[in-house]
Amino acid sequence: MSGTTIIEVRTSPHLHGPMTVETIMRHVIYALLPIAAFFSWHFGLSAALLLAVTTAGCVLAEHTACRLSGKRSTVNDYSAAITGLLLGLTLPPGLPLWMAVVGCLVAILPGKLLFGGLGSNVFNPALVGRAFLQAAFPVAVTNYTPGLAANRFVEFIPSTWAVPLMKPAPLNDWLAKVAVDGFTGATPLAMQKFDHIYSELGPLLWGLGPGSLPGCLILLCGAYLVARGMMDWRITASMIAGAAATGGIFHLVNPALYPDPVWVVFTGGLLLGATFMATDPVASPVTPRGMWIYGLLMGVLTVLIRNLGGLPEGVMYAILFGNALSPLIDRLTPPRPYGARKAQVPQ
Amino acid sequence: MNFFGAERFFGPKRLWRGIHVPEHKEQTAHLPIRRLPFPPLLIVPLSQHAGKPAKAIVHEGQEVVRGEPIAEADGLMSVPMHAPATGRVERIAPAPSAKGELTPAIYIRPYPGASQEVLYGAEQNIDQMTPAQVVAAVQATGVVGLGGAAFPTHVKLKVPEGKKIDTVVVNGCECEPYLTTDHRVMVEYPRQVLHGARIAMRAVGADRAVVGVEDNKPDALAALRAANGDRPGILIEAVAAKYPQGAEKMLVKVLLGREIPSGGLPADVGLAVFNVATLAQIGELLPHRQGLIERVVTIAGPAVRKPGNYLIPLGTPLRWALEQAGCTDQAVSVVLGGPMMGAAVGSFDIPLTKGVTGVLVLAKGGANGEAHVFPCIHCAACVNVCPLQLDPSHLGLLARKDRYEEMETVYHLNDCFECGCCSYVCPAHIPLVQYFRVAKQMNRERKARS
């Protein structure tokens, strides 16, 4: 205390919790890795390469765009890598890589950076990329190749290496070689919707259907994030509940035409969407009531699109719609502040 | 309170929102209260409380006796000051204060070898006093809220016109990390705390008191329960430790399920809330007609050599107190109060006053170092912890856009008491509380202009 002592004057609080944006994002990547590993194991080399390309594509796109606009690169917050991984997981494993790169560019540039980067994007960037691909390449994006093909770790799916802007070679020869019995290239949801053929539920739970990821594994990975306090379970729970309830009503009305709620929940991208995309904090509401409304709305919309719309799967559009509504939901559901109700006067 | 032993199943009552902060109380919780020697010069500011400054009634060169009044209350919203040590008034002049401004103060140079014993005062029988007389007697002690707010206690004891107070709430939570002053007071002076509670019950006309103590202080609970015995009227209740449970609004909700209306007072819901240290001082001073001349201050933190709970004479310069406790060369910042709501000081020459609960010396590389501020990712962590159920996320975004008026009218900015939970949990390290302080100040200035 002798001589001149320099002291720092900061404002309270003088403590800070352990959580940082970077930690949260890193743990989201950890939680996605088992799913990515399963995806790669199930579909082989092409799937692994697709994930690598989408992840690298998103990170590079963000890094380059930041540098070109003379700003500090923001890739070290890991959010671009998450966008890339999620985008890859929503695409069929045999998608031509050049299309995947287009998806990355759309996801990062107009989907994220145009709005102002992390924290400012209105929509989940991965889904923006995915929606663009669905509109631009409707056939390629819905064309699933069979999983567990014998030569999947040796050989790429031919369409992976399709030349940009050229019509990809038909897969028939390759499919005949792979020879998976009864494979039609359609997802369980498409088969159910258009041909009324139900895939068995069992394999779907473990992600062995052609177009689906392992529901149980996704829930487990989500539970990891919830346990670490890095994800809001309310959105996931309410979206699943909304979908199950709506699906249940349809099923009660016409069991022959509409699947039962468990099937509804475990098919398609519902669980991946509800766990990792709808919960994207940037594009979802912050108020407690808002989160429930947002999740329920997306669950209901998903099933309405599936059952009444022209598409077999509605998770993507339901979430994008929910993203668009979330500022409005926030506005309409302000939390009731402490002491706002009428004073309780004791007798 | 405790239906069919519900507590056995669900544990003690707990705060719904709020946060669990590392307590760091192990540094000083077990250390008995010790006296600090008199400093060479005491600086007794005339304004150590919320309200009007006191008026000096001594002149330069006058000799004062420890415990003797040296300044009188200026109206109802004011309290007198008493001489913390026997000595001579050196001068009456402005002195630096924790807020940075100069305030008038009485400088007293204690006599070498002045005794710590208080001889000033006279016995008075409280049982024969009317509530109004109790209020006046409490004002004469100069006691203010010792939990940090320094609001004159007698004002809270005066029941507002048309209100009835049925319960006195005694706040023994001390939820701020590091601080253990209330804890030690409860352990060492439980009888004074309970006596003060009975005096407060008498003044406000309440027939019961509830003492809320966080369950991380089992020895304090045991001491209070032992001191109370089976006498009716005072209920001592454990509540699960969580920050900011010691805030009056939170504790009232946890203990009694009542919500103090926005902008209102505890009296609006039939309550009067007092800190344990405040009541202990009333219980100790009032029967002897003495004045508040010292208080317990926790000196702790990662960069303190001899952390402890020190009974310091009011007006002790911070520099003296820190020299007694000793700082390591890692010291980088000194905070008055707890780490969540306390203010960092810019000078060591300020005196320690009635509202100072603790002195924290923080070390280099602490949790409050430079951190990269990310944009808000709308993670809702702040919304989930805000004990007042505000929306700090939107408040923060509005503050960035200078929309201060909307923060107040639509998002209840003025309910915020700056507990710091939102800033603590924010993964983007956004200084939310600081934004809110600025916004409140801007609103005040705008109103003052119009």
# chains A, B, ... in the order shown; residues from 1 in each chain; ligands from 1
$ interface_residues --of "chain B" --to "chain A" --cutoff "6 Å" --atoms "only C-alpha atoms" --output "list in words"
Glu259, Ile260, Pro261, Ser262, Val269, Val332, Ser333, Pro339, Met340, Met341, Ala344, Ala367, Asn368, Pro375, Cys376, Ile377, His378, Cys379, Ala380, Leu388, Gln389, Leu390, Gly420, Tyr424, Val425, Pro427 and Ala428 of chain B
$ write_last_selection --atoms "N, CA and C atoms" --output "CSV table (one decimal), in the first residue's frame"
chain,number,residue,atom,x,y,z
B,259,GLU,N,-45.8,-10.6,-2.5
B,259,GLU,CA,-45.0,-9.8,-3.4
B,259,GLU,C,-45.2,-8.3,-3.1
B,260,ILE,N,-44.1,-7.6,-2.9
B,260,ILE,CA,-44.2,-6.2,-2.7
B,260,ILE,C,-44.5,-5.5,-4.0
B,261,PRO,N,-45.6,-4.7,-4.1
B,261,PRO,CA,-45.9,-4.2,-5.4
B,261,PRO,C,-44.8,-3.3,-6.0
B,262,SER,N,-44.8,-3.3,-7.3
B,262,SER,CA,-43.8,-2.5,-8.0
B,262,SER,C,-43.8,-1.1,-7.5
B,269,VAL,N,-47.7,-4.7,1.9
B,269,VAL,CA,-48.2,-6.0,2.0
B,269,VAL,C,-48.1,-6.5,3.5
B,332,VAL,N,-5.8,-5.9,-7.1
B,332,VAL,CA,-5.9,-5.1,-8.3
B,332,VAL,C,-7.2,-4.2,-8.2
B,333,SER,N,-8.1,-4.5,-7.3
B,333,SER,CA,-9.3,-3.8,-7.2
B,333,SER,C,-9.9,-3.9,-5.8
B,339,PRO,N,-19.4,-8.9,-3.9
B,339,PRO,CA,-18.9,-8.8,-5.3
B,339,PRO,C,-20.0,-8.7,-6.3
B,340,MET,N,-21.2,-9.0,-5.9
B,340,MET,CA,-22.3,-8.9,-6.9
B,340,MET,C,-22.8,-7.5,-7.1
B,341,MET,N,-23.0,-6.8,-5.9
B,341,MET,CA,-23.6,-5.5,-6.0
B,341,MET,C,-22.7,-4.4,-5.5
B,344,ALA,N,-16.7,-0.7,-6.7
B,344,ALA,CA,-15.2,-0.6,-6.6
B,344,ALA,C,-14.9,0.9,-6.2
B,367,ALA,N,-12.3,-13.1,-12.1
B,367,ALA,CA,-13.4,-13.4,-13.1
B,367,ALA,C,-13.9,-12.1,-13.8
B,368,ASN,N,-13.5,-11.0,-13.2
B,368,ASN,CA,-14.0,-9.8,-13.8
B,368,ASN,C,-13.0,-9.1,-14.7
B,375,PRO,N,-22.0,-10.5,-29.5
B,375,PRO,CA,-23.3,-10.0,-29.6
B,375,PRO,C,-24.3,-10.9,-28.8
B,376,CYS,N,-25.4,-10.3,-28.5
B,376,CYS,CA,-26.5,-11.1,-27.7
B,376,CYS,C,-26.9,-12.2,-28.6
B,377,ILE,N,-26.9,-13.5,-28.1
B,377,ILE,CA,-27.4,-14.6,-28.9
B,377,ILE,C,-28.8,-15.0,-28.5
B,378,HIS,N,-29.4,-14.2,-27.7
B,378,HIS,CA,-30.8,-14.4,-27.3
B,378,HIS,C,-31.0,-15.8,-26.6
B,379,CYS,N,-30.0,-16.2,-25.8
B,379,CYS,CA,-30.0,-17.5,-25.2
B,379,CYS,C,-31.0,-17.5,-24.1
B,380,ALA,N,-31.5,-16.4,-23.6
B,380,ALA,CA,-32.5,-16.3,-22.6
B,380,ALA,C,-32.0,-16.7,-21.2
B,388,LEU,N,-36.6,-10.7,-10.7
B,388,LEU,CA,-37.8,-9.9,-10.8
B,388,LEU,C,-38.6,-10.3,-12.0
B,389,GLN,N,-38.2,-11.3,-12.7
B,389,GLN,CA,-38.9,-11.8,-13.9
B,389,GLN,C,-39.0,-10.6,-15.0
B,390,LEU,N,-38.0,-9.8,-15.1
B,390,LEU,CA,-37.9,-8.9,-16.1
B,390,LEU,C,-37.4,-9.6,-17.4
B,420,GLY,N,-27.4,-8.1,-10.5
B,420,GLY,CA,-26.2,-8.6,-11.3
B,420,GLY,C,-26.4,-10.0,-11.8
B,424,TYR,N,-24.0,-11.8,-14.7
B,424,TYR,CA,-23.2,-12.9,-14.2
B,424,TYR,C,-23.4,-14.1,-15.2
B,425,VAL,N,-24.6,-14.4,-15.6
B,425,VAL,CA,-24.8,-15.6,-16.4
B,425,VAL,C,-24.6,-15.3,-17.9
B,427,PRO,N,-23.5,-15.3,-21.4
B,427,PRO,CA,-22.4,-16.0,-22.0
B,427,PRO,C,-21.7,-15.0,-22.9
B,428,ALA,N,-22.4,-14.0,-23.4
B,428,ALA,CA,-21.8,-13.0,-24.3
B,428,ALA,C,-21.0,-11.9,-23.5
$ residues_around --residues "Pro110 (chain A)" --least-positions-apart "6" --cutoff "12 Å" --atoms "only C-alpha atoms" --output "short mmCIF file (atom, residue, chain, number, x, y, z; two decimals) with C-alpha atoms, in the first residue's frame"
data_model
loop_
_atom_site.label_atom_id
_atom_site.label_comp_id
_atom_site.auth_asym_id
_atom_site.auth_seq_id
_atom_site.Cartn_x
_atom_site.Cartn_y
_atom_site.Cartn_z
CA ALA A 61 -17.43 -18.69 -46.32
CA GLU A 62 -17.74 -16.81 -43.02
CA ALA A 65 -16.66 -12.76 -46.03
CA VAL A 102 -23.95 -23.70 -52.79
CA GLY A 103 -26.01 -24.49 -49.70
CA CYS A 104 -23.15 -23.35 -47.45
CA GLY A 116 -25.27 -8.82 -39.21
CA GLY A 117 -23.73 -12.14 -38.23
CA SER A 120 -28.70 -10.93 -35.65
CA ASN A 121 -29.92 -13.57 -38.07
CA VAL A 122 -33.68 -13.90 -38.23
CA PHE A 123 -33.66 -17.48 -39.49
CA ASN A 124 -31.59 -20.50 -38.62
CA PRO A 125 -28.82 -20.25 -41.24
CA ALA A 126 -28.58 -24.01 -41.81
CA LEU A 127 -32.25 -24.15 -42.65
CA VAL A 128 -31.97 -21.16 -44.97
CA GLY A 129 -29.31 -23.06 -46.89
CA PHE A 132 -32.58 -22.87 -50.90
#
$ residues_around --residues "region 271-286 of chain B" --least-positions-apart "2" --cutoff "7 Å" --atoms "only C-alpha atoms" --output "VMD selection string"
chain B and resid 137 to 138 141 143 to 147 156 165 to 172 182 185 189 192 to 193 195 to 197 248 266 to 267 269 288 to 291
$ atom_distance --atom1 "CA of Gly222 (chain A)" --atom2 "CA of Leu97 (chain A)"
28.1 Å
$ residues_around --residues "region 240-244 of chain A" --least-positions-apart "5" --cutoff "8 Å" --atoms "only C-alpha atoms" --output "number ranges by chain"
A: 261-262, 264-265, 270-271, 274, 295-303
$ select_by_dssp --residues "region 240-322 of chain B" --states "alpha helix (DSSP H)" --output "number ranges by chain"
B: 248-256, 276-285, 318-322
$ write_last_selection --atoms "C-alpha atoms" --output "compact mmCIF listing (two decimals), in the first residue's frame"
# COMPACT_ATOMS: atom_id res chain seq x y z
CA GLU B 248 -35.98 -7.72 0.61
CA LYS B 249 -38.41 -8.38 -2.26
CA MET B 250 -37.10 -11.90 -2.77
CA LEU B 251 -37.02 -12.91 0.89
CA VAL B 252 -40.58 -11.72 1.49
CA LYS B 253 -41.77 -13.81 -1.44
CA VAL B 254 -39.84 -16.89 -0.35
CA LEU B 255 -40.81 -16.74 3.32
CA LEU B 256 -44.39 -15.55 3.14
CA VAL B 276 -30.10 -9.01 11.42
CA ALA B 277 -27.13 -6.71 12.05
CA THR B 278 -29.45 -3.71 12.23
CA LEU B 279 -31.65 -5.42 14.80
CA ALA B 280 -28.64 -6.62 16.77
CA GLN B 281 -27.44 -3.02 17.07
CA ILE B 282 -30.91 -1.84 18.13
CA GLY B 283 -31.15 -4.68 20.65
CA GLU B 284 -27.73 -3.74 21.99
CA LEU B 285 -27.87 0.07 21.92
CA LEU B 318 -10.20 2.41 4.17
CA ARG B 319 -6.41 2.67 3.91
CA TRP B 320 -6.03 1.98 7.66
CA ALA B 321 -8.37 -1.01 7.55
CA LEU B 322 -6.52 -2.49 4.57
